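Structure file structure_15.cif (mmCIF, C-alpha atoms and all ligand atoms) is printed below.
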```
data_target
loop_
_atom_site.group_PDB
_atom_site.id
_atom_site.type_symbol
_atom_site.label_atom_id
_atom_site.label_comp_id
_atom_site.auth_asym_id
_atom_site.auth_seq_id
_atom_site.Cartn_x
_atom_site.Cartn_y
_atom_site.Cartn_z
ATOM 1 C CA MET A 101 -15.217 -2.749 31.339
ATOM 2 C CA GLN A 102 -12.167 -1.868 29.256
ATOM 3 C CA PRO A 103 -12.887 0.696 26.518
ATOM 4 C CA ASN A 104 -12.849 -0.644 22.975
ATOM 5 C CA HIS A 105 -9.718 0.239 21.040
ATOM 6 C CA HIS A 106 -9.552 0.627 17.283
ATOM 7 C CA VAL A 107 -5.996 0.520 15.976
ATOM 8 C CA VAL A 108 -5.633 1.778 12.407
ATOM 9 C CA VAL A 109 -2.381 1.219 10.516
ATOM 10 C CA LEU A 110 -1.392 2.905 7.250
ATOM 11 C CA THR A 111 1.628 1.447 5.475
ATOM 12 C CA GLY A 112 3.714 2.719 2.582
ATOM 13 C CA ALA A 113 6.682 1.689 0.490
ATOM 14 C CA GLY A 114 9.085 1.684 3.469
ATOM 15 C CA ILE A 115 7.597 -1.490 4.960
ATOM 16 C CA SER A 116 8.261 -3.407 1.745
ATOM 17 C CA ALA A 117 11.745 -1.908 1.315
ATOM 18 C CA ASP A 118 13.140 -4.498 3.744
ATOM 19 C CA SER A 119 11.743 -7.230 1.485
ATOM 20 C CA GLY A 120 13.659 -5.782 -1.469
ATOM 21 C CA VAL A 121 10.871 -3.732 -3.125
ATOM 22 C CA ARG A 122 12.130 -0.265 -4.124
ATOM 23 C CA THR A 123 10.510 2.835 -2.577
ATOM 24 C CA PHE A 124 9.334 5.749 -4.749
ATOM 25 C CA ARG A 125 10.974 8.949 -3.650
ATOM 26 C CA ASP A 126 14.561 8.173 -2.798
ATOM 27 C CA ALA A 127 16.060 7.806 -6.261
ATOM 28 C CA GLY A 128 16.255 11.370 -7.552
ATOM 29 C CA GLY A 129 12.595 11.490 -8.612
ATOM 30 C CA LEU A 130 12.981 8.399 -10.776
ATOM 31 C CA TRP A 131 11.219 5.114 -10.165
ATOM 32 C CA GLU A 132 13.225 2.177 -11.523
ATOM 33 C CA GLY A 133 14.735 4.608 -14.033
ATOM 34 C CA HIS A 134 11.409 6.108 -15.193
ATOM 35 C CA ARG A 135 9.753 9.429 -14.538
ATOM 36 C CA VAL A 136 6.636 8.899 -12.396
ATOM 37 C CA GLU A 137 4.572 10.879 -14.953
ATOM 38 C CA ASP A 138 5.526 8.385 -17.658
ATOM 39 C CA VAL A 139 4.569 5.207 -15.819
ATOM 40 C CA ALA A 140 2.053 6.218 -13.145
ATOM 41 C CA THR A 141 -0.515 8.497 -14.801
ATOM 42 C CA PRO A 142 -3.492 7.879 -17.120
ATOM 43 C CA GLU A 143 -1.780 10.274 -19.570
ATOM 44 C CA GLY A 144 1.347 8.097 -19.570
ATOM 45 C CA TRP A 145 -0.778 5.019 -20.313
ATOM 46 C CA ALA A 146 -2.580 6.840 -23.168
ATOM 47 C CA ARG A 147 0.732 8.065 -24.610
ATOM 48 C CA ASP A 148 2.783 4.881 -24.378
ATOM 49 C CA PRO A 149 0.791 1.868 -23.137
ATOM 50 C CA ARG A 150 3.606 -0.528 -24.070
ATOM 51 C CA LEU A 151 6.032 1.197 -21.718
ATOM 52 C CA VAL A 152 3.498 1.286 -18.858
ATOM 53 C CA TRP A 153 2.406 -2.318 -19.428
ATOM 54 C CA SER A 154 5.969 -3.579 -19.512
ATOM 55 C CA PHE A 155 6.840 -1.569 -16.373
ATOM 56 C CA TYR A 156 3.991 -3.069 -14.301
ATOM 57 C CA GLN A 157 4.457 -6.567 -15.694
ATOM 58 C CA GLN A 158 8.040 -6.427 -14.417
ATOM 59 C CA ARG A 159 6.823 -5.269 -10.999
ATOM 60 C CA ARG A 160 4.293 -8.142 -11.000
ATOM 61 C CA ARG A 161 7.018 -10.644 -11.812
ATOM 62 C CA GLN A 162 9.099 -9.260 -8.965
ATOM 63 C CA LEU A 163 6.365 -10.334 -6.511
ATOM 64 C CA ARG A 164 7.549 -13.905 -7.035
ATOM 65 C CA GLU A 165 11.032 -13.022 -5.811
ATOM 66 C CA VAL A 166 10.137 -11.197 -2.589
ATOM 67 C CA GLU A 167 8.820 -12.428 0.752
ATOM 68 C CA PRO A 168 6.999 -10.715 3.636
ATOM 69 C CA ASN A 169 9.459 -9.478 6.277
ATOM 70 C CA ALA A 170 9.261 -9.345 10.080
ATOM 71 C CA ALA A 171 7.186 -6.136 9.978
ATOM 72 C CA HIS A 172 4.472 -7.687 7.773
ATOM 73 C CA VAL A 173 4.416 -10.783 9.995
ATOM 74 C CA ALA A 174 4.240 -8.743 13.220
ATOM 75 C CA LEU A 175 1.250 -6.762 11.882
ATOM 76 C CA ALA A 176 -0.630 -9.964 11.033
ATOM 77 C CA GLU A 177 0.043 -11.337 14.538
ATOM 78 C CA PHE A 178 -0.978 -8.021 16.092
ATOM 79 C CA GLU A 179 -4.284 -8.121 14.198
ATOM 80 C CA ARG A 180 -5.060 -11.617 15.515
ATOM 81 C CA ALA A 181 -4.162 -10.731 19.121
ATOM 82 C CA LEU A 182 -6.128 -7.478 19.124
ATOM 83 C CA GLU A 183 -9.241 -8.999 17.591
ATOM 84 C CA ALA A 184 -9.078 -12.019 19.910
ATOM 85 C CA ALA A 185 -9.236 -9.543 22.803
ATOM 86 C CA GLY A 186 -12.378 -7.935 21.334
ATOM 87 C CA HIS A 187 -10.766 -4.801 19.914
ATOM 88 C CA GLU A 188 -10.787 -3.540 16.337
ATOM 89 C CA PHE A 189 -7.931 -3.413 13.861
ATOM 90 C CA THR A 190 -7.772 -2.010 10.336
ATOM 91 C CA LEU A 191 -4.802 -2.192 8.008
ATOM 92 C CA ILE A 192 -4.712 0.149 5.025
ATOM 93 C CA THR A 193 -1.834 0.082 2.578
ATOM 94 C CA GLN A 194 -0.670 2.328 -0.231
ATOM 95 C CA ASN A 195 1.484 -0.549 -1.461
ATOM 96 C CA VAL A 196 0.455 -2.458 -4.549
ATOM 97 C CA ASP A 197 2.508 -5.554 -3.664
ATOM 98 C CA ASN A 198 0.831 -8.513 -1.927
ATOM 99 C CA LEU A 199 3.190 -8.867 1.043
ATOM 100 C CA HIS A 200 0.586 -8.008 3.724
ATOM 101 C CA ASP A 201 -1.865 -10.464 2.179
ATOM 102 C CA ARG A 202 0.778 -13.177 2.096
ATOM 103 C CA ALA A 203 1.701 -12.518 5.739
ATOM 104 C CA GLY A 204 -1.950 -13.267 6.628
ATOM 105 C CA SER A 205 -3.378 -9.750 7.111
ATOM 106 C CA ARG A 206 -6.761 -8.503 5.991
ATOM 107 C CA VAL A 207 -5.868 -5.292 4.158
ATOM 108 C CA LEU A 208 -7.458 -2.451 2.208
ATOM 109 C CA HIS A 209 -5.316 -1.698 -0.854
ATOM 110 C CA MET A 210 -6.102 1.967 -1.455
ATOM 111 C CA HIS A 211 -3.768 2.283 -4.471
ATOM 112 C CA GLY A 212 -4.714 -1.007 -6.138
ATOM 113 C CA GLU A 213 -2.947 -4.330 -6.486
ATOM 114 C CA LEU A 214 -0.205 -5.467 -8.817
ATOM 115 C CA GLN A 215 -1.505 -8.988 -9.170
ATOM 116 C CA SER A 216 -4.877 -7.797 -10.492
ATOM 117 C CA LEU A 217 -5.826 -6.482 -13.912
ATOM 118 C CA ARG A 218 -8.840 -4.413 -14.952
ATOM 119 C CA CYS A 219 -10.694 -4.206 -18.248
ATOM 120 C CA GLU A 220 -10.522 -0.771 -19.839
ATOM 121 C CA ARG A 221 -14.035 -1.244 -21.199
ATOM 122 C CA CYS A 222 -16.203 -3.196 -18.681
ATOM 123 C CA GLU A 223 -14.028 -2.518 -15.569
ATOM 124 C CA LEU A 224 -14.005 -6.218 -14.619
ATOM 125 C CA VAL A 225 -11.239 -6.727 -12.042
ATOM 126 C CA PHE A 226 -9.629 -10.078 -11.589
ATOM 127 C CA GLU A 227 -6.506 -11.602 -10.156
ATOM 128 C CA ASP A 228 -4.076 -12.754 -12.806
ATOM 129 C CA THR A 229 -0.752 -14.208 -11.781
ATOM 130 C CA LEU A 230 -0.121 -16.221 -14.934
ATOM 131 C CA HIS A 231 0.243 -13.657 -17.723
ATOM 132 C CA LEU A 232 3.533 -11.980 -16.877
ATOM 133 C CA ASP A 233 4.967 -11.346 -20.355
ATOM 134 C CA PRO A 234 6.095 -7.670 -20.424
ATOM 135 C CA GLY A 235 5.770 -7.610 -24.231
ATOM 136 C CA ARG A 236 2.128 -8.707 -24.695
ATOM 137 C CA PHE A 237 -1.134 -7.123 -23.623
ATOM 138 C CA VAL A 238 -3.787 -9.416 -22.151
ATOM 139 C CA GLU A 239 -7.389 -9.305 -23.400
ATOM 140 C CA CYS A 240 -10.459 -9.165 -21.168
ATOM 141 C CA PRO A 241 -12.003 -12.639 -20.746
ATOM 142 C CA GLU A 242 -15.488 -11.050 -20.908
ATOM 143 C CA CYS A 243 -15.249 -8.383 -23.663
ATOM 144 C CA ALA A 244 -13.725 -9.713 -26.855
ATOM 145 C CA HIS A 245 -10.531 -7.810 -27.708
ATOM 146 C CA ALA A 246 -10.792 -5.160 -24.983
ATOM 147 C CA ARG A 247 -7.414 -4.505 -23.392
ATOM 148 C CA LEU A 248 -6.651 -4.965 -19.704
ATOM 149 C CA ARG A 249 -4.758 -2.343 -17.720
ATOM 150 C CA PRO A 250 -2.911 -2.650 -14.409
ATOM 151 C CA HIS A 251 -5.363 -2.421 -11.458
ATOM 152 C CA ILE A 252 -3.345 0.439 -10.004
ATOM 153 C CA VAL A 253 -4.463 3.905 -8.879
ATOM 154 C CA TRP A 254 -2.346 6.325 -10.868
ATOM 155 C CA PHE A 255 -1.743 10.001 -10.095
ATOM 156 C CA GLY A 256 -4.919 11.906 -10.935
ATOM 157 C CA GLU A 257 -7.155 8.878 -10.214
ATOM 158 C CA VAL A 258 -9.351 8.365 -7.150
ATOM 159 C CA PRO A 259 -8.007 5.894 -4.551
ATOM 160 C CA PHE A 260 -10.090 2.852 -3.648
ATOM 161 C CA HIS A 261 -12.029 2.265 -0.383
ATOM 162 C CA LEU A 262 -12.303 5.955 0.545
ATOM 163 C CA ASP A 263 -15.767 5.491 2.115
ATOM 164 C CA ALA A 264 -14.571 2.550 4.207
ATOM 165 C CA ILE A 265 -11.475 4.516 5.236
ATOM 166 C CA ALA A 266 -13.558 7.521 6.347
ATOM 167 C CA GLU A 267 -15.711 5.180 8.469
ATOM 168 C CA VAL A 268 -12.663 3.574 10.051
ATOM 169 C CA MET A 269 -11.064 6.925 10.863
ATOM 170 C CA ALA A 270 -14.224 7.976 12.724
ATOM 171 C CA THR A 271 -13.586 5.359 15.449
ATOM 172 C CA CYS A 272 -9.761 5.260 15.400
ATOM 173 C CA THR A 273 -8.135 5.382 18.861
ATOM 174 C CA HIS A 274 -4.534 4.598 17.799
ATOM 175 C CA PHE A 275 -3.053 5.438 14.396
ATOM 176 C CA LEU A 276 0.267 4.104 13.104
ATOM 177 C CA ALA A 277 1.850 5.413 9.861
ATOM 178 C CA ILE A 278 4.594 3.013 8.813
ATOM 179 C CA GLY A 279 7.102 3.578 5.989
ATOM 180 C CA THR A 280 5.327 6.395 4.203
ATOM 181 C CA SER A 281 6.741 9.807 3.318
ATOM 182 C CA GLY A 282 3.379 11.554 3.830
ATOM 183 C CA GLN A 283 3.602 13.290 0.459
ATOM 184 C CA VAL A 284 0.641 11.693 -1.291
ATOM 185 C CA TRP A 285 -2.945 12.663 -0.504
ATOM 186 C CA PRO A 286 -5.476 11.601 0.641
ATOM 187 C CA ALA A 287 -3.353 9.003 2.487
ATOM 188 C CA ALA A 288 -1.213 11.718 4.112
ATOM 189 C CA GLY A 289 -4.364 13.367 5.533
ATOM 190 C CA MET A 290 -5.210 10.299 7.631
ATOM 191 C CA LEU A 291 -2.526 11.234 10.161
ATOM 192 C CA HIS A 292 -4.067 14.721 10.514
ATOM 193 C CA SER A 293 -7.523 13.290 10.918
ATOM 194 C CA ALA A 294 -6.338 10.811 13.588
ATOM 195 C CA ARG A 295 -4.732 13.640 15.568
ATOM 196 C CA ALA A 296 -7.838 15.797 15.168
ATOM 197 C CA ARG A 297 -9.990 13.136 16.828
ATOM 198 C CA GLY A 298 -7.499 12.721 19.672
ATOM 199 C CA ALA A 299 -6.085 9.326 18.697
ATOM 200 C CA ALA A 300 -2.579 8.374 19.831
ATOM 201 C CA THR A 301 -0.358 8.725 16.755
ATOM 202 C CA PHE A 302 2.829 6.799 15.923
ATOM 203 C CA VAL A 303 5.054 7.392 12.901
ATOM 204 C CA GLN A 304 7.675 4.895 11.761
ATOM 205 C CA ALA A 305 10.186 5.609 8.958
ATOM 206 C CA LEU A 306 13.890 5.876 8.201
ATOM 207 C CA GLU A 307 13.774 9.648 8.577
ATOM 208 C CA PRO A 308 11.074 12.010 9.921
ATOM 209 C CA PRO A 309 8.439 12.488 7.206
ATOM 210 C CA GLN A 310 7.328 16.009 6.294
ATOM 211 C CA ASN A 311 3.929 15.672 7.993
ATOM 212 C CA LEU A 312 5.409 14.744 11.415
ATOM 213 C CA ASP A 313 3.951 16.652 14.375
ATOM 214 C CA PRO A 314 5.374 17.073 17.910
ATOM 215 C CA GLN A 315 2.460 15.055 19.299
ATOM 216 C CA ASP A 316 3.368 12.009 17.160
ATOM 217 C CA ARG A 317 5.624 9.364 18.634
ATOM 218 C CA PHE A 318 8.370 8.954 16.018
ATOM 219 C CA CYS A 319 9.995 5.491 15.776
ATOM 220 C CA GLU A 320 13.071 5.785 13.592
ATOM 221 C CA GLY A 321 14.748 2.925 11.738
ATOM 222 C CA ARG A 322 14.127 -0.012 9.443
ATOM 223 C CA ALA A 323 10.591 -1.330 9.533
ATOM 224 C CA SER A 324 11.603 -4.994 9.865
ATOM 225 C CA VAL A 325 13.532 -4.142 13.055
ATOM 226 C CA VAL A 326 11.408 -1.379 14.586
ATOM 227 C CA VAL A 327 7.815 -2.452 13.828
ATOM 228 C CA PRO A 328 7.904 -5.738 15.825
ATOM 229 C CA VAL A 329 9.205 -3.774 18.844
ATOM 230 C CA MET A 330 6.598 -0.999 18.449
ATOM 231 C CA LEU A 331 3.782 -3.511 18.227
ATOM 232 C CA ALA A 332 5.024 -5.512 21.213
ATOM 233 C CA GLU A 333 5.039 -2.286 23.267
ATOM 234 C CA LEU A 334 1.567 -1.368 22.071
ATOM 235 C CA ARG A 335 0.272 -4.839 22.949
ATOM 236 C CA ARG A 336 1.600 -4.406 26.465
ATOM 237 C CA ALA A 337 0.048 -0.939 26.734
ATOM 238 C CA LEU A 338 -3.326 -2.237 25.532
ATOM 239 C CA GLY A 339 -3.088 -5.422 27.586
ATOM 240 C CA VAL A 340 -3.471 -7.851 24.668
HETATM 241 N N1 LIG B 401 11.945 0.945 6.895
HETATM 242 C C1 LIG B 401 11.078 1.925 7.257
HETATM 243 N N2 LIG B 401 10.849 3.007 6.499
HETATM 244 C C2 LIG B 401 11.546 3.115 5.355
HETATM 245 C C3 LIG B 401 12.471 2.137 4.907
HETATM 246 C C4 LIG B 401 12.665 1.014 5.740
HETATM 247 N N3 LIG B 401 13.511 0.042 5.412
HETATM 248 N N4 LIG B 401 12.988 2.546 3.715
HETATM 249 C C5 LIG B 401 12.385 3.720 3.427
HETATM 250 N N5 LIG B 401 11.530 4.066 4.421
HETATM 251 C C6 LIG B 401 10.645 5.230 4.526
HETATM 252 C C7 LIG B 401 11.255 6.507 4.044
HETATM 253 O O1 LIG B 401 11.864 7.150 5.163
HETATM 254 C C8 LIG B 401 10.009 7.249 3.548
HETATM 255 O O2 LIG B 401 9.416 7.958 4.634
HETATM 256 O O3 LIG B 401 9.534 4.947 3.711
HETATM 257 C C9 LIG B 401 9.035 6.146 3.138
HETATM 258 C C10 LIG B 401 8.897 5.895 1.658
HETATM 259 O O4 LIG B 401 8.262 6.985 1.071
HETATM 260 P P1 LIG B 401 7.762 6.944 -0.459
HETATM 261 O O5 LIG B 401 8.817 6.322 -1.304
HETATM 262 O O6 LIG B 401 7.290 8.297 -0.786
HETATM 263 O O7 LIG B 401 6.534 5.902 -0.439
HETATM 264 P P2 LIG B 401 4.992 6.103 -0.065
HETATM 265 O O8 LIG B 401 4.818 7.106 1.017
HETATM 266 O O9 LIG B 401 4.431 4.739 0.150
HETATM 267 O O10 LIG B 401 4.412 6.673 -1.418
HETATM 268 C C11 LIG B 401 3.028 6.902 -1.479
HETATM 269 O O11 LIG B 401 3.129 7.513 -3.801
HETATM 270 O O12 LIG B 401 4.013 7.079 -5.909
HETATM 271 C C12 LIG B 401 2.907 6.974 -5.094
HETATM 272 O O13 LIG B 401 1.095 5.523 -5.273
HETATM 273 C C13 LIG B 401 2.458 5.556 -4.923
HETATM 274 O O14 LIG B 401 1.655 4.406 -2.968
HETATM 275 C C14 LIG B 401 2.633 5.307 -3.448
HETATM 276 C C15 LIG B 401 2.482 6.690 -2.865
#
```
Kindly return the structure encoded in the file as structure tokens.
Amino acid sequence: MQPNHHVVVLTGAGISADSGVRTFRDAGGLWEGHRVEDVATPEGWARDPRLVWSFYQQRRRQLREVEPNAAHVALAEFERALEAAGHEFTLITQNVDNLHDRAGSRVLHMHGELQSLRCERCELVFEDTLHLDPGRFVECPECAHARLRPHIVWFGEVPFHLDAIAEVMATCTHFLAIGTSGQVWPAAGMLHSARARGAATFVQALEPPQNLDPQDRFCEGRASVVVPVMLAELRRALGV
């Protein structure tokens, strides 16, 4: 009997770049003209919640203008083919956009989701795609007058799904890092942990990321062009 494969994919900003969503670290340390510390930390939110709110509301509005690209679609097809053949597949993303979800993938959003909001008081999380005004806070529907914050993991906060991710990494046979610079932990450590357990490792990005290792297969180029080819090759290799 064929051994069971478990393909784990970690995606980052590079996969959404081809859909028109800006990446984080290629604009001189600024993200849409803001310092990361001002818009992506709990301290930034405490200091100037209006700025942070307006920033994320604009990102949420942008979701309506972008579409999944060929890389998102290829991953969703890959998931279906692999699972139909009795193997396992897990997609983990650092991206807060909903492009994987819209392409039809089941995905763990380790850094949160733009389309959701969370109550600062009771922690209720819910999807809200209607309130997109950058100038007005939204109140929690459960706690009268408590303010909602973006459901985003900021620097200094603990990513979501870490227990599930640790479980997945324990059975990973193939690990693909797509469109991520490998600078943010704990996501960057997943590549190390895949290598340590002897999984085949693939890295896809525009340029070699800083955590690349000689044992990784590096697939250079734009995700929307390269990922469908990588996945087709992997399907052939796995016979699915
Ligand atoms: N196709 C493939 N890769 C690309 C493309 C593209 N079109 N454009 C850029 N890249 C690659 C770059 O080569 C780089 O390796 O995507 C990577 C983007 O890196 P970052 O901007 O650092 O994004 P990411 O790794 O996802 O950032 C991780 O940092 O700010 C936090 O929480 C935020 O989730 C984010 C985390």
Selection result for the PyMOL selection byres (((chain A and resi 224) around 10) and not hetatm) on this file, as a PyMOL selection string: chain A and resi 217-223+225-226+240-243+248+251
Can you translate the PyMOL selection byres (((chain A and resi 298) around 12) and not hetatm) into the concrete residues it hits in this file, as a PDB file with C-alpha atoms, keeping the file's coordinate frame?
```pdb
ATOM      1  CA  MET A 269     -11.064   6.925  10.863  1.00  0.00           C
ATOM      2  CA  ALA A 270     -14.224   7.976  12.724  1.00  0.00           C
ATOM      3  CA  THR A 271     -13.586   5.359  15.449  1.00  0.00           C
ATOM      4  CA  CYS A 272      -9.761   5.260  15.400  1.00  0.00           C
ATOM      5  CA  THR A 273      -8.135   5.382  18.861  1.00  0.00           C
ATOM      6  CA  HIS A 274      -4.534   4.598  17.799  1.00  0.00           C
ATOM      7  CA  PHE A 275      -3.053   5.438  14.396  1.00  0.00           C
ATOM      8  CA  LEU A 291      -2.526  11.234  10.161  1.00  0.00           C
ATOM      9  CA  HIS A 292      -4.067  14.721  10.514  1.00  0.00           C
ATOM     10  CA  SER A 293      -7.523  13.290  10.918  1.00  0.00           C
ATOM     11  CA  ALA A 294      -6.338  10.811  13.588  1.00  0.00           C
ATOM     12  CA  ARG A 295      -4.732  13.640  15.568  1.00  0.00           C
ATOM     13  CA  ALA A 296      -7.838  15.797  15.168  1.00  0.00           C
ATOM     14  CA  ARG A 297      -9.990  13.136  16.828  1.00  0.00           C
ATOM     15  CA  ALA A 299      -6.085   9.326  18.697  1.00  0.00           C
ATOM     16  CA  ALA A 300      -2.579   8.374  19.831  1.00  0.00           C
ATOM     17  CA  THR A 301      -0.358   8.725  16.755  1.00  0.00           C
ATOM     18  CA  GLN A 315       2.460  15.055  19.299  1.00  0.00           C
ATOM     19  CA  ASP A 316       3.368  12.009  17.160  1.00  0.00           C
TER      20      ASP A 316
END
```
Could you tell me which residues the PyMOL selection byres (((not hetatm)) within 7 of (chain B and resi 401)) returns for this structure, as an mmCIF file with C-alpha atoms, in the frame of the given file?
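Output contents, as saved in result30.cif:
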```cif
data_model
loop_
_atom_site.group_PDB
_atom_site.id
_atom_site.type_symbol
_atom_site.label_atom_id
_atom_site.label_comp_id
_atom_site.auth_asym_id
_atom_site.auth_seq_id
_atom_site.Cartn_x
_atom_site.Cartn_y
_atom_site.Cartn_z
ATOM 1 C CA THR A 111 1.628 1.447 5.475
ATOM 2 C CA GLY A 112 3.714 2.719 2.582
ATOM 3 C CA ALA A 113 6.682 1.689 0.490
ATOM 4 C CA GLY A 114 9.085 1.684 3.469
ATOM 5 C CA ILE A 115 7.597 -1.490 4.960
ATOM 6 C CA ALA A 117 11.745 -1.908 1.315
ATOM 7 C CA ASP A 118 13.140 -4.498 3.744
ATOM 8 C CA THR A 123 10.510 2.835 -2.577
ATOM 9 C CA PHE A 124 9.334 5.749 -4.749
ATOM 10 C CA ARG A 125 10.974 8.949 -3.650
ATOM 11 C CA ASP A 126 14.561 8.173 -2.798
ATOM 12 C CA GLN A 194 -0.670 2.328 -0.231
ATOM 13 C CA ASN A 195 1.484 -0.549 -1.461
ATOM 14 C CA HIS A 211 -3.768 2.283 -4.471
ATOM 15 C CA VAL A 253 -4.463 3.905 -8.879
ATOM 16 C CA TRP A 254 -2.346 6.325 -10.868
ATOM 17 C CA ILE A 278 4.594 3.013 8.813
ATOM 18 C CA GLY A 279 7.102 3.578 5.989
ATOM 19 C CA THR A 280 5.327 6.395 4.203
ATOM 20 C CA SER A 281 6.741 9.807 3.318
ATOM 21 C CA GLY A 282 3.379 11.554 3.830
ATOM 22 C CA GLN A 283 3.602 13.290 0.459
ATOM 23 C CA VAL A 284 0.641 11.693 -1.291
ATOM 24 C CA GLN A 304 7.675 4.895 11.761
ATOM 25 C CA ALA A 305 10.186 5.609 8.958
ATOM 26 C CA LEU A 306 13.890 5.876 8.201
ATOM 27 C CA GLU A 307 13.774 9.648 8.577
ATOM 28 C CA PRO A 308 11.074 12.010 9.921
ATOM 29 C CA PRO A 309 8.439 12.488 7.206
ATOM 30 C CA GLY A 321 14.748 2.925 11.738
ATOM 31 C CA ARG A 322 14.127 -0.012 9.443
ATOM 32 C CA ALA A 323 10.591 -1.330 9.533
ATOM 33 C CA SER A 324 11.603 -4.994 9.865
#
```
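For the point (3.0, -7.9, 9.2), the residues with at least one atom inside 9 Å, counting all atoms listed in the file, are A:Ile115, A:Pro168, A:Asn169, A:Ala170, A:Ala171, A:His172, A:Val173, A:Ala174, A:Leu175, A:Ala176, A:Glu177, A:Phe178, A:Glu179, A:Leu199, A:His200, A:Asp201, A:Ala203, A:Gly204, A:Ser205, A:Val327, A:Pro328.
Of the residues listed (A:Leu191, A:Ala277, A:Val258, A:Leu151), A:Leu151 shows the shortest atom-to-atom separation from Val139 in chain A; distances use all atoms listed in the file.
Interatomic distance, CA of Val109 in chain A against CA of Val136 in chain A: 25.8 Å.
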Between CA of Arg161 in chain A and CA of Arg147 in chain A, distance in Å (one decimal): 23.5 Å
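One distance worth recording is that between CA of Ala332 in chain A and CA of Ala185 in chain A, which is 14.9 Å.
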Closest of A:Ala140, A:Asn104, A:His209, A:Leu232 to Arg159 in chain A - atom-to-atom distances counting only C-alpha atoms: A:Leu232
Test item: residues at most 12 Å from Leu230 in chain A, only C-alpha atoms, excluding those fewer than 4 positions along its chain, as a PyMOL selection string: chain A and resi 157+160-161+164+215-217+226+234+238
Calculate, to one decimal in Å, the centre and edge lengths of the box along x, y and z of the file that holds all listed atoms of range 279-284 of chain A with 6 Å of margin on each side, and present them as lines of an AutoDock Vina configuration file.
```
center_x = 3.9
center_y = 8.4
center_z = 2.3
size_x = 18.5
size_y = 21.7
size_z = 19.3
```
Ref. answer, residues at most 12 Å from (4.1, 8.1, -19.1) with all atoms listed in the file, as a list in words: Trp131, His134, Arg135, Val136, Glu137, Asp138, Val139, Ala140, Thr141, Pro142, Glu143, Gly144, Trp145, Ala146, Arg147, Asp148, Pro149, Arg150, Leu151, Val152, Trp153, Ser154, Phe155, Trp254 and Phe255 of chain A
